[in-house]
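A.B. asks: Let me begin by handing over the structure; questions about it come next.
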Amino acid sequence: MRRNVRKLSWVLWLVIVAFIAFYIPDLIRGPSNIVARVDGEPIYIADFQQALQQQTAYYQSVSGGNLPDDFLQQMQIREIVLESLIRDRLILAAARDQDLSVSAREILARIMEYPTFQEDGIFIGPDRYKQILQVNGISFEDFERQVHDEVLFEKFTELVSNGVTVTNREIEDAYQRANEQAQFDFFIVSSAGLEPEVSELLTDEGVRVLFEENIFDYRVPERRRVSFAVIETEAIRESVKLDEQELRTAYAASIEEFTIPEEVRARHILFRLPPEPDEETIAETSSAAQEILSEIRNGADFSTLAEENSDDTATATSGGDLGWFRRGRMTPEFEEVAFSLEIDETSDIVQTPFGLHIIRLDGSRPEQVRPFEEVRAQLDQRITFERSEEIADQRAEELRVEVLRRTNFEDLAAQFGLELRASPLFSQLEGFSEVLSPEFTRQVFVAGRDRVSEPIRFGNGHVIFRVDEIVESHEPELAEVEDAVRSDLIIELAEERAAEVADEFAARLEQGEGFDVLAAEIAASIQSTELIQRDGVVPDLGRQSALVLAAFDHAPGEVGGPVKVDRGYALFRVTAHVQPDWGQYATQGDVLRNEMLNQRRSGLFESLVRELREQYTVVTYEDVTASIIS
């Protein structure tokens with residue numbers, strides 16, 4: 001081979017090419033059954049799919065099964081699930097490097113704790129345990145490996161968490177901050193009212209300097225001008241005429257829609273029960289209800305007794321009146337009795353999930369069918385709308401076919417009797433007011449010039465367009481945006497002037513001038529808060545944490561500020577400062593301790609995961625995860 005190496009070189013090259021073809025793609029893309037590797041250990045696609053299905057099932061359960069088609073993409077569920085799996089593997093890798101281990105005895109003890117493998121609190125035995133796994137298609141080895149990792153994970157997290165502590169002083173400080181309250185008056189030195197005053201300070205040089213220092217902020221976005229034509233549903237609707245027979249046929253087909261079910265009007269007196277009442281509670285509540293029922297049977301006024309005794313606060317003030325309702329609105333137990341009573345008849349005691357009820361029937365309406373003449377206009381309007389929508393959709397489909405044939409836009413409009421109109425130049429952020437459709441705007445800004453679009457559905461019908469002009473995004477000359485720059489400079493000067501006035505007022509307050517006098521000087525209204533906590537809301541300003549926290553730093557009677565707020569600068573006067581009720585500390589301290597411990601543990605784990613990402617190699621195969629669709 002040494003003597004014939006030149007003759008055999010083509011064989012060597014063939015081997016190299018084969019190696020590149022078969023092995024390099026896997027090194028770049030990753031094997032098709034692996035979504036990631038953590039410290040060399042694979043996360044298989046099956047594990048990823050299982051975790052993805054579990055997460056999706058959870059969201060389906062909490063949403064009643066109504067998830068949008070693009071839910072996984074919108075909520076980035078795939079990314080979240082993969083990140084969770086990677087974090088788990090990082091922690092397991094760190095646990096192994098800490099020489100933590102899990103014995104067979106520990107694995108067995110954990111398995112015996114699972115409710116699935118217990119009957120009456122006792123382990124069902126190894127044979128039935130393996131049978132359950134087999135029936136569910138779960139490998140015995142895979143399951144015990146998962147249990148091993150679960151125990152190892154817990155050991156490591158316990159090791160890390162043991163070093164997290166919270167001192168009594170920290171808990172007391174947190175309780176103080178969370179429960180103390182303050183109340184204060186304030187007024188605003190508003191920049192808005194100072195704009196006419198500062199407009200005299202506006203100079204061309206100032207405008208030029210602001211423009212040059214912030215030229216990127218004034219960059220003109222890409223703008224486009226289109227020719228467009230609309231298939232207007234409203235115009236089609238005016239041409240649709242329905243005859244008597246069509247309306248009567250539609251009425252007969254929709255008779256259920258115009259049928260008013262039987263309705264009753266009732267009152268009730270509610271004696272509320274807890275979610276899972278014991279026999280003693282039910283007996284006591286029933287005794288109280290029976291006393292009220294006896295009074296009613298003896299001629300007492302039902303409405304008065306409802307006002308005085310009903311636990312249904314929403315109806316008690318109106319004498320227990322529930323108004324008119326049909327079947328399906330109340331609990332089955334309640335409805336069965338209410339719909340069986342005669343008018344002015346009072347029921348016996350009725351139990352529902354809400355408690356015990358005494359029901360009185362005030363009125364009843366039998367099932368009714370609304371006559372044709374009464375609903376004729378409604379039918380005409382609905383069917384006309386549906387017919388015009390169908391015609392518009394049909395014309396849009398015909399139009400789409402012609403567009404795909406690359407028909408000239410002007411000829412296309414003439415063929416379908418559509419008026420061609422031109423838009424002004426508009427940006428993607430502004431949109432075009434005559435066609436309020438995000439999809440229209442999106443397509444305009446991805447379409448090529450002179451290309452005719454397919455019909456796009458929007459509020460008034462269907463629209464097609466052609467991009468006639470594209471003005472690229474660019475840094476403008478000052479003259480192009482001068483009005484906007486001047487307006488911004490006035491606002492900036494007004495802000496500066498408001499800050500000067502506020503600083504001057506703060507100094508005068510320190511010298512003893514009256515808070516009310518200074519507010520009156522600029523005709524500012526003085527507003528007062530209720531007693532609020534540190535995360536409280538300030539009237540008319542919303543959440544202004546800087547202002548609230550500044551007030552907490554002052555004693556009653558003290559003044560402070562200025563503090564920057566949304567509309568200018570606030571000056572304040574503290575009127576009350578209420579300390580927490582330390583009598584409640586004994587019951588709330590443990591809760592607060594657990595919250596703080598959990599927060600610190602969470603923060604510690606976040607920093608730990610960041611460190612582990614730097615310590616261990618993490619490789620993800622995005623082409624594999626992107627191809628997985630739930």
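Letters for chains follow the order of the structure tokens (A, B, ...), residue numbers begin at 1 for each chain, and ligand numbers begin at 1 in the order shown.
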Using only C-alpha atoms, which residues sit within 12 Å of segment 293-300 of chain A once same-chain residues fewer than 4 positions away are excluded, as an MDAnalysis selection string?
C.D. replies: chainID A and resid 268:271 286:289 304:306 309 344:350 356:360
A.B. asks: Give me the residues near segment 218-228 of chain A as a VMD selection string, where near means some atom within 8 Å (using only C-alpha atoms) and where sequence neighbours in that chain fewer than 5 positions away do not count.
C.D. replies: chain A and resid 211 420 to 428 444 to 445 463 to 476 481
A.B. asks: Find the residues around Val160 of chain A up to 10 Å (only C-alpha atoms counted), leave out those fewer than 2 positions away in its own chain, and share them as number ranges by chain.
C.D. replies: A: 154-158, 162-164, 601, 604-605, 608
A.B. asks: Contacts of Phe153 of chain A at 10 Å or less, counting only C-alpha atoms, minus same-chain residues fewer than 5 places along, as a PyMOL selection string?
C.D. replies: chain A and resi 88-89+91-96+100+147-148+158-159
A.B. asks: Give me every helix (DSSP H, G or I) residue in segment 222-327 of chain A, going by DSSP on the backbone, as JSON, numbers by chain.
C.D. replies: {"A": [233, 234, 235, 236, 237, 238, 239, 244, 245, 246, 247, 248, 249, 250, 251, 252, 253, 279, 280, 281, 282, 283, 284, 285, 286, 287, 288, 289, 290, 291, 292, 293, 294, 295, 296, 297, 302, 303, 304, 305, 306, 307, 308, 309, 313, 314, 315, 316]}
A.B. asks: Calculate how many Å separate atom CA of Glu276 of chain A from atom CA of Met330 of chain A, rounding to one decimal.
C.D. replies: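 If I compute the distance from atom CA of Glu276 of chain A to atom CA of Met330 of chain A, I get 20.1 Å.
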A.B. asks: What does the distance from atom CA of Ala506 of chain A to atom CA of Val559 of chain A come to in Å, to one decimal?
C.D. replies: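 Those two atoms sit 8.5 Å apart.
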A.B. asks: Let me make sure I understand: among A:Ile391, A:Met596, A:Ile532, A:Ala182, which one has the smallest atom-to-atom distance to Gly557 of chain A if we use only C-alpha atoms?
C.D. replies: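 Result for the nearest residue to Gly557 of chain A: A:Ala182.
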A.B. asks: Give the strand (DSSP E) residues of segment 80-247 of chain A, as assigned by DSSP on the backbone, as a ChimeraX atom specification.
C.D. replies: /A:118-119,122-123,181-190,223-232
A.B. asks: At a cut-off of 12 Å, using only C-alpha atoms, what residues contact Arg110 of chain A? Leave out same-chain residues fewer than 6 positions from it and give the result as number ranges by chain.
C.D. replies: A: 102-104, 116-118, 123, 143-144, 146-152, 154
A.B. asks: Excluding Thr317 of chain A and residues on its chain fewer than 6 positions from it, collect all residues at most 9 Å away from it, counting only C-alpha atoms, and give them as an MDAnalysis selection string.
C.D. replies: chainID A and resid 303 306:308
A.B. asks: Report as a count of residues only all protein, DNA and RNA residues lying within 12 Å of Glu257 of chain A, evaluated on only C-alpha atoms, omitting residues in the same chain fewer than 4 positions from it.
C.D. replies: 13
A.B. asks: Go through segment 172-277 of chain A residue by residue and, counting only C-alpha atoms, keep those with an atom at most 12 Å from segment 392-403 of chain A; for each kept residue give the shortest atom pair and its distance in Å to one decimal, ordered by chain and increasing number, as CSV.
C.D. replies:
residue,atom,partner,partner_atom,distance
A:Ala229,CA,A:Leu399,CA,11.1
A:Val230,CA,A:Ala396,CA,9.7
A:Ile231,CA,A:Ala392,CA,6.6
A:Glu232,CA,A:Ala392,CA,7.5
A:Thr233,CA,A:Ala392,CA,6.1
A:Glu234,CA,A:Ala392,CA,9.6
A:Ala235,CA,A:Ala392,CA,9.8
A:Ile236,CA,A:Ala392,CA,7.3
A:Arg237,CA,A:Ala392,CA,9.4
A:Ser239,CA,A:Ala392,CA,11.9
A:Val240,CA,A:Ala392,CA,11.7
A.B. asks: Go ahead and save the picked residues with N, CA and C atoms, as a PDB file, in the first residue's frame.
C.D. replies:
ATOM      1  N   ALA A 229     -58.466  47.964  -3.762  1.00  0.00           N
ATOM      2  CA  ALA A 229     -59.878  47.884  -4.123  1.00  0.00           C
ATOM      3  C   ALA A 229     -60.567  46.981  -3.110  1.00  0.00           C
ATOM      4  N   VAL A 230     -61.831  47.293  -2.827  1.00  0.00           N
ATOM      5  CA  VAL A 230     -62.546  46.593  -1.759  1.00  0.00           C
ATOM      6  C   VAL A 230     -63.832  45.984  -2.294  1.00  0.00           C
ATOM      7  N   ILE A 231     -64.041  44.706  -1.968  1.00  0.00           N
ATOM      8  CA  ILE A 231     -65.359  44.099  -2.157  1.00  0.00           C
ATOM      9  C   ILE A 231     -66.133  44.405  -0.881  1.00  0.00           C
ATOM     10  N   GLU A 232     -67.047  45.360  -0.939  1.00  0.00           N
ATOM     11  CA  GLU A 232     -67.715  45.830   0.268  1.00  0.00           C
ATOM     12  C   GLU A 232     -68.985  45.015   0.521  1.00  0.00           C
ATOM     13  N   THR A 233     -69.005  44.362   1.662  1.00  0.00           N
ATOM     14  CA  THR A 233     -70.160  43.540   2.016  1.00  0.00           C
ATOM     15  C   THR A 233     -71.415  44.387   2.144  1.00  0.00           C
ATOM     16  N   GLU A 234     -71.273  45.605   2.656  1.00  0.00           N
ATOM     17  CA  GLU A 234     -72.428  46.474   2.866  1.00  0.00           C
ATOM     18  C   GLU A 234     -73.106  46.807   1.543  1.00  0.00           C
ATOM     19  N   ALA A 235     -72.312  47.053   0.515  1.00  0.00           N
ATOM     20  CA  ALA A 235     -72.889  47.373  -0.797  1.00  0.00           C
ATOM     21  C   ALA A 235     -73.637  46.168  -1.365  1.00  0.00           C
ATOM     22  N   ILE A 236     -73.082  44.976  -1.167  1.00  0.00           N
ATOM     23  CA  ILE A 236     -73.752  43.755  -1.627  1.00  0.00           C
ATOM     24  C   ILE A 236     -75.046  43.556  -0.856  1.00  0.00           C
ATOM     25  N   ARG A 237     -75.005  43.862   0.448  1.00  0.00           N
ATOM     26  CA  ARG A 237     -76.176  43.656   1.304  1.00  0.00           C
ATOM     27  C   ARG A 237     -77.361  44.473   0.805  1.00  0.00           C
ATOM     28  N   SER A 239     -78.131  45.101  -2.133  1.00  0.00           N
ATOM     29  CA  SER A 239     -78.713  44.525  -3.367  1.00  0.00           C
ATOM     30  C   SER A 239     -79.451  43.217  -3.109  1.00  0.00           C
ATOM     31  N   VAL A 240     -79.312  42.658  -1.918  1.00  0.00           N
ATOM     32  CA  VAL A 240     -79.955  41.380  -1.604  1.00  0.00           C
ATOM     33  C   VAL A 240     -81.403  41.630  -1.198  1.00  0.00           C
TER      34      VAL A 240
END
A.B. asks: How many Å lie between atom CA of Gln53 of chain A and atom CA of Ala36 of chain A, rounded to one decimal?
C.D. replies: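 Those two atoms sit 17.8 Å apart.
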A.B. asks: I need the residue nearest Tyr585 of chain A from this list: A:Asn179, A:Glu430, A:Asn33, A:Gly417. Use only C-alpha atoms for the distance.
C.D. replies: A:Asn179
